[in-house]
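*Asks:* Sharing a structure with you now.
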Amino acid sequence: MQNFIKLNINKEMQSYFLGFLFSIVLTVVPFILAIQKIFCNEINYIIFLSCAISQIIIHFIYFLHLNFSVEKRWNLITLLFVVVIIFIVVFGSIWIMYNLNHHIM
């Protein structure tokens, strides 16, 4: 029983440590690219966006422990619901502000 607890804690700590390392790398790379200006602006934007999206995925997998297993399915459904609500609020607000600006001008 104690070996199972040690193994489980060890795997959990290993998961957190690996996620932390990925997060550090995905944070430092855009900073270095922004400071050094190694590539042109378009390529830098693409790299920044890919690092941001991959960092979101890394956080979901390693820190929130989201996966496609049957036990975690409700967590994924809840996450998708939250993403849809945020999408509606953000783009609905942008649409309303655009229409107000269009009708005022």
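We name chains A, B, ... following the order of the structure tokens; residues begin at 1 in each chain, and ligands are numbered from 1 as shown.
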Could you give me, as number ranges by chain, each residue of segment 46-92 of chain A that DSSP assigns to helix (DSSP H, G or I) when run on this structure's backbone?

*Replies:* A: 46-63, 73-92

*Asks:* Which residues are near Gln55 of chain A? Cut-off 8 Å, only C-alpha atoms, ignore same chain within fewer than 4 positions. Put them as an NGL selection string.

*Replies:* :A and (22-23 or 26 or 51 or 59)

*Asks:* Using only C-alpha atoms, which of A:Asn41, A:Asn75, A:Thr27, A:Asn10 sits nearest Ile53 of chain A?

*Replies:* A:Thr27

*Asks:* Which residues, written as a PyMOL selection string, have at least one atom at most 12 Å from Ala52 of chain A, with only C-alpha atoms counted and residues fewer than 2 positions away on the same chain left out?

*Replies:* chain A and resi 22-31+45-50+54-59

*Asks:* List the neighbours of segment 14-17 of chain A out to 10 Å using only C-alpha atoms; skip same-chain residues closer than 5 positions along the sequence, and give me the result as a ChimeraX atom specification.

*Replies:* /A:8-9,22-23,59,61-65

*Asks:* How would the residues just chosen look if you wrote them out with N, CA, C and O atoms as a PDB file, in the first residue's frame?

*Replies:*
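Saved as result-v3.pdb:
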```
ATOM      1  N   ASN A   8       2.433   6.761  -6.719  1.00  0.00           N
ATOM      2  CA  ASN A   8       1.441   7.713  -7.196  1.00  0.00           C
ATOM      3  C   ASN A   8       1.907   9.143  -6.958  1.00  0.00           C
ATOM      4  O   ASN A   8       1.765   9.999  -7.821  1.00  0.00           O
ATOM      5  N   ILE A   9       2.465   9.423  -5.785  1.00  0.00           N
ATOM      6  CA  ILE A   9       2.978  10.758  -5.504  1.00  0.00           C
ATOM      7  C   ILE A   9       4.146  11.065  -6.422  1.00  0.00           C
ATOM      8  O   ILE A   9       4.274  12.169  -6.942  1.00  0.00           O
ATOM      9  N   PHE A  22       8.036  22.415 -19.383  1.00  0.00           N
ATOM     10  CA  PHE A  22       7.442  22.812 -20.661  1.00  0.00           C
ATOM     11  C   PHE A  22       6.961  24.262 -20.617  1.00  0.00           C
ATOM     12  O   PHE A  22       7.141  25.020 -21.574  1.00  0.00           O
ATOM     13  N   SER A  23       6.354  24.655 -19.500  1.00  0.00           N
ATOM     14  CA  SER A  23       5.855  26.027 -19.369  1.00  0.00           C
ATOM     15  C   SER A  23       6.992  27.042 -19.376  1.00  0.00           C
ATOM     16  O   SER A  23       6.880  28.107 -19.989  1.00  0.00           O
ATOM     17  N   HIS A  59      -0.902  23.171 -19.890  1.00  0.00           N
ATOM     18  CA  HIS A  59      -1.520  23.425 -18.593  1.00  0.00           C
ATOM     19  C   HIS A  59      -2.736  22.531 -18.386  1.00  0.00           C
ATOM     20  O   HIS A  59      -2.945  22.026 -17.278  1.00  0.00           O
ATOM     21  N   ILE A  61      -3.255  19.557 -19.659  1.00  0.00           N
ATOM     22  CA  ILE A  61      -2.861  18.157 -19.519  1.00  0.00           C
ATOM     23  C   ILE A  61      -2.104  17.913 -18.220  1.00  0.00           C
ATOM     24  O   ILE A  61      -2.421  16.996 -17.466  1.00  0.00           O
ATOM     25  N   TYR A  62      -1.087  18.720 -17.943  1.00  0.00           N
ATOM     26  CA  TYR A  62      -0.196  18.423 -16.829  1.00  0.00           C
ATOM     27  C   TYR A  62      -0.661  18.992 -15.491  1.00  0.00           C
ATOM     28  O   TYR A  62      -0.373  18.410 -14.445  1.00  0.00           O
ATOM     29  N   PHE A  63      -1.332  20.118 -15.469  1.00  0.00           N
ATOM     30  CA  PHE A  63      -1.724  20.723 -14.202  1.00  0.00           C
ATOM     31  C   PHE A  63      -3.185  20.456 -13.855  1.00  0.00           C
ATOM     32  O   PHE A  63      -3.517  20.242 -12.700  1.00  0.00           O
ATOM     33  N   LEU A  64      -4.068  20.498 -14.841  1.00  0.00           N
ATOM     34  CA  LEU A  64      -5.483  20.214 -14.570  1.00  0.00           C
ATOM     35  C   LEU A  64      -5.836  18.742 -14.773  1.00  0.00           C
ATOM     36  O   LEU A  64      -6.947  18.324 -14.471  1.00  0.00           O
ATOM     37  N   HIS A  65      -4.898  17.966 -15.310  1.00  0.00           N
ATOM     38  CA  HIS A  65      -5.051  16.521 -15.535  1.00  0.00           C
ATOM     39  C   HIS A  65      -6.284  16.201 -16.364  1.00  0.00           C
ATOM     40  O   HIS A  65      -7.025  15.263 -16.073  1.00  0.00           O
TER      41      HIS A  65
END
```

*Asks:* Figure out the distance between atom CA of Thr78 of chain A and atom CA of Met97 of chain A, please, to one decimal in Å.

*Replies:* 28.6 Å

*Asks:* What's the separation between atom CA of Lys72 of chain A and atom CA of Ile86 of chain A, in Å to one decimal place?

*Replies:*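 Between atom CA of Lys72 of chain A and atom CA of Ile86 of chain A the gap is 21.4 Å.
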
*Asks:* In Å, with one decimal, what is the gap from atom CA of Gly19 of chain A to atom CA of Leu66 of chain A?

*Replies:* 12.9 Å
